[in-house]
Amino acid sequence: MDFSLVFEHYELFLSGAGNTLKITFSALAIGLCLGTLAGVARISRNAMLRFIADIYIQIIRGTPMLLQIYFFMFGLPQLYSIAFDARMPQDAFWLGMVALGINSGAYTAEVIRAGILSINRGQMEAARCSGLTHRQSMIYVILPQAFKRMIPPLCNELIVLLKDSSLVSVVGYGELMFTAKVLGAKYYTYVPFLLGVGVIYLTLTLTFAKVLERVEKKLSEGSTRGTDNSMVLDLG
């Protein structure tokens with residue numbers, strides 16, 4: 001096993017690491033948007049919104065991520081072809097990003113819901129007394145405070161998503177794992193490349209974990225906990 005091969009192809013590993021971070025942060029952005037919508041809908045008084053959010057969360061959390069990636073990469077284009085009698089463009093990055101983002105959204109939704117419920121109900125009452133509507137109070141008063149408390153678990157979701165992004169390698173996206181597989185097949189040796197990728201993943205996750213630790217420490221110094229967790233939304 002020639003470990004010098006890893007250093008000879010460092011540019012490919014750097015490119016793979018860049019692609020890994022690119023798809024991770026893009027998927028996290030999608031997951032945050034979907035998670036916010038689903039998390040708010042989960043505690044809505046609107047039964048239909050609650051039902052839709054529950055179905056989305058149960059389906060995504062109840063099926064493997066690899067299955068979801070395969071569906072978006074291979075199943076969705078087939079459905080598109082049947083519906084529109086045309087070929088759907090298949091881009092590993094975009095389809096992989098959407099699959100990861102939708103998966104992340106289902107888990108982020110529970111973080112959002114818990115964050116909102118952690119805010120003291122008196123905050124809502126005070127906002128309503130100042131003349132704000134229920135929805136305005138949620139947008140301008142409750143959510144900003146809740147998001148501050150959501151930062152640590154969202155950082156944890158980032159770390160999980162970073163590792164799960166390796167699954168996109170199965171559909172040909174050139175991230176770290178795909179790079180290791182291609183080079184391993186080329187040189188008929190996988191151990192050096194897999195260890196090299198492992199070191200990069202470990203470096204990235206430890207870095208994010210360290211940042212998370214600092215964020216949690218800062219937030220714990222100035223944050224206050226609510227005592228009433230009975231917040232309920234009225235969205236229609």
# chains A, B, ... in the order shown; residues from 1 in each chain; ligands from 1
>>> select_by_dssp(residues="region 7-112 of chain A", states="alpha helix (DSSP H)", output="tab-separated table (two decimals) with C-alpha atoms, in the first residue's frame")
chain	number	residue	atom	x	y	z
A	7	PHE	CA	-0.44	13.22	-1.53
A	8	GLU	CA	0.11	12.86	-5.26
A	10	TYR	CA	-4.17	16.02	-3.14
A	11	GLU	CA	-5.85	18.32	-5.68
A	12	LEU	CA	-8.56	15.74	-6.31
A	13	PHE	CA	-9.10	15.36	-2.56
A	14	LEU	CA	-9.32	19.13	-2.12
A	15	SER	CA	-11.83	19.30	-4.97
A	16	GLY	CA	-13.81	16.46	-3.40
A	17	ALA	CA	-13.79	18.21	-0.02
A	18	GLY	CA	-15.02	21.41	-1.68
A	19	ASN	CA	-17.85	19.51	-3.38
A	20	THR	CA	-18.72	17.84	-0.08
A	21	LEU	CA	-19.02	21.20	1.69
A	22	LYS	CA	-20.92	22.66	-1.26
A	23	ILE	CA	-23.62	20.00	-1.27
A	24	THR	CA	-23.73	19.90	2.55
A	25	PHE	CA	-24.40	23.62	3.02
A	26	SER	CA	-26.80	23.74	0.06
A	27	ALA	CA	-28.80	20.83	1.47
A	28	LEU	CA	-28.75	22.43	4.93
A	29	ALA	CA	-30.27	25.62	3.47
A	30	ILE	CA	-33.06	23.61	1.84
A	31	GLY	CA	-33.56	21.62	5.03
A	32	LEU	CA	-33.78	24.78	7.11
A	33	CYS	CA	-36.47	26.26	4.86
A	34	LEU	CA	-38.52	23.05	4.71
A	35	GLY	CA	-37.93	22.36	8.39
A	36	THR	CA	-39.18	25.81	9.38
A	37	LEU	CA	-42.37	25.37	7.35
A	38	ALA	CA	-42.96	21.83	8.62
A	39	GLY	CA	-42.04	22.68	12.22
A	40	VAL	CA	-44.43	25.63	12.31
A	41	ALA	CA	-47.15	23.57	10.62
A	42	ARG	CA	-46.70	20.82	13.23
A	47	ALA	CA	-55.56	20.32	11.08
A	48	MET	CA	-54.71	20.06	7.38
A	49	LEU	CA	-51.32	21.73	7.87
A	50	ARG	CA	-50.57	19.44	10.80
A	51	PHE	CA	-51.55	16.40	8.74
A	52	ILE	CA	-49.37	17.36	5.75
A	53	ALA	CA	-46.39	18.10	8.00
A	54	ASP	CA	-46.83	14.80	9.88
A	55	ILE	CA	-47.01	12.80	6.64
A	56	TYR	CA	-43.87	14.48	5.29
A	57	ILE	CA	-41.90	13.90	8.49
A	58	GLN	CA	-43.04	10.30	8.95
A	59	ILE	CA	-42.28	9.30	5.35
A	60	ILE	CA	-38.84	10.88	5.27
A	61	ARG	CA	-37.78	9.72	8.74
A	65	MET	CA	-31.70	8.21	2.95
A	66	LEU	CA	-30.07	6.04	0.30
A	67	LEU	CA	-33.51	5.03	-0.96
A	68	GLN	CA	-34.50	8.70	-1.17
A	69	ILE	CA	-31.34	9.57	-3.12
A	70	TYR	CA	-31.99	6.72	-5.56
A	76	LEU	CA	-38.09	10.98	-10.41
A	77	PRO	CA	-36.71	11.23	-13.99
A	78	GLN	CA	-38.81	8.19	-14.94
A	79	LEU	CA	-41.96	9.76	-13.50
A	80	TYR	CA	-41.10	13.02	-15.29
A	81	SER	CA	-40.74	11.12	-18.57
A	82	ILE	CA	-44.11	9.43	-18.12
A	83	ALA	CA	-45.88	12.67	-17.16
A	84	PHE	CA	-44.36	15.02	-19.77
A	92	ALA	CA	-26.03	14.49	-9.64
A	93	PHE	CA	-25.37	17.67	-7.65
A	94	TRP	CA	-28.84	19.16	-7.90
A	95	LEU	CA	-30.75	15.93	-7.42
A	96	GLY	CA	-28.47	14.85	-4.58
A	97	MET	CA	-28.77	18.26	-2.94
A	98	VAL	CA	-32.57	18.16	-3.10
A	99	ALA	CA	-32.68	14.62	-1.71
A	100	LEU	CA	-30.37	15.53	1.19
A	101	GLY	CA	-32.23	18.79	1.78
A	102	ILE	CA	-35.65	17.13	1.95
A	103	ASN	CA	-34.26	14.51	4.33
A	104	SER	CA	-32.66	17.17	6.51
A	105	GLY	CA	-35.91	19.17	6.56
A	106	ALA	CA	-37.79	16.34	8.27
A	107	TYR	CA	-35.29	16.28	11.14
A	108	THR	CA	-34.92	20.06	11.26
A	109	ALA	CA	-38.70	20.37	11.62
A	110	GLU	CA	-38.55	18.76	15.06
A	111	VAL	CA	-35.75	21.13	16.06
A	112	ILE	CA	-37.84	24.11	14.94
>>> residues_around(residues="Ala180 (chain A)", least_positions_apart="4", cutoff="6 Å", atoms="only C-alpha atoms", output="list of chain:residue names")
A:Gly184, A:Phe193, A:Leu194
>>> write_last_selection(atoms="C-alpha atoms", output="short mmCIF file (atom, residue, chain, number, x, y, z; two decimals), in the first residue's frame")
data_model
loop_
_atom_site.label_atom_id
_atom_site.label_comp_id
_atom_site.auth_asym_id
_atom_site.auth_seq_id
_atom_site.Cartn_x
_atom_site.Cartn_y
_atom_site.Cartn_z
CA GLY A 184 -8.97 3.07 -5.54
CA PHE A 193 -7.49 6.61 -0.27
CA LEU A 194 -10.16 5.55 2.22
#
>>> atom_distance(atom1="CA of Ile119 (chain A)", atom2="CA of Pro153 (chain A)")
15.9 Å
>>> residues_around(residues="Val141 (chain A)", least_positions_apart="2", cutoff="12 Å", atoms="only C-alpha atoms", output="list in words")
Ile116, Ile119, Asn120, Arg121, Gly122, Gln123, Met124, Glu125, Ala126, Ala127, Arg128, Ser130, Leu132, Thr133, His134, Arg135, Gln136, Ser137, Met138, Ile139, Leu143, Pro144, Gln145, Ala146, Phe147 and Lys148 of chain A
>>> write_last_selection(atoms="C-alpha atoms", output="mmCIF file, in the first residue's frame")
data_model
loop_
_atom_site.group_PDB
_atom_site.id
_atom_site.type_symbol
_atom_site.label_atom_id
_atom_site.label_comp_id
_atom_site.auth_asym_id
_atom_site.auth_seq_id
_atom_site.Cartn_x
_atom_site.Cartn_y
_atom_site.Cartn_z
ATOM 1 C CA ILE A 116 -40.698 27.463 19.365
ATOM 2 C CA ILE A 119 -40.202 30.144 24.408
ATOM 3 C CA ASN A 120 -42.183 31.392 27.390
ATOM 4 C CA ARG A 121 -45.816 31.925 26.447
ATOM 5 C CA GLY A 122 -45.648 35.305 28.138
ATOM 6 C CA GLN A 123 -43.549 36.516 25.199
ATOM 7 C CA MET A 124 -46.481 35.948 22.874
ATOM 8 C CA GLU A 125 -48.920 37.602 25.268
ATOM 9 C CA ALA A 126 -46.654 40.635 25.613
ATOM 10 C CA ALA A 127 -46.314 40.922 21.838
ATOM 11 C CA ARG A 128 -50.085 40.687 21.385
ATOM 12 C CA SER A 130 -48.321 45.677 22.104
ATOM 13 C CA LEU A 132 -49.065 42.802 16.985
ATOM 14 C CA THR A 133 -51.175 40.092 15.405
ATOM 15 C CA HIS A 134 -50.540 36.441 16.243
ATOM 16 C CA ARG A 135 -48.593 35.927 13.024
ATOM 17 C CA GLN A 136 -46.574 39.131 13.435
ATOM 18 C CA SER A 137 -45.746 38.150 17.002
ATOM 19 C CA MET A 138 -44.497 34.796 15.782
ATOM 20 C CA ILE A 139 -42.352 36.288 13.008
ATOM 21 C CA LEU A 143 -38.994 32.957 15.981
ATOM 22 C CA PRO A 144 -35.932 35.216 16.488
ATOM 23 C CA GLN A 145 -35.645 34.033 20.111
ATOM 24 C CA ALA A 146 -36.319 30.420 19.153
ATOM 25 C CA PHE A 147 -33.682 30.407 16.405
ATOM 26 C CA LYS A 148 -31.077 31.478 18.927
#
>>> atom_distance(atom1="CA of Thr179 (chain A)", atom2="CA of Val199 (chain A)")
13.8 Å
>>> residues_around(residues="Thr189 (chain A)", least_positions_apart="4", cutoff="12 Å", atoms="only C-alpha atoms", output="NGL selection string")
:A and (1-3 or 5-6 or 180-185 or 193-195)
>>> closest_residue(among="A:Leu176, A:Leu161, A:Ile151, A:Ala209", to="Val197 (chain A)", atoms="only C-alpha atoms")
A:Leu176
>>> closest_residue(among="A:Cys129, A:Phe72, A:Leu219, A:Leu212", to="Ile159 (chain A)", atoms="only C-alpha atoms")
A:Leu212
>>> closest_residue(among="A:Arg87, A:Arg149, A:Lys186, A:Lys217", to="Arg113 (chain A)", atoms="only C-alpha atoms")
A:Arg149
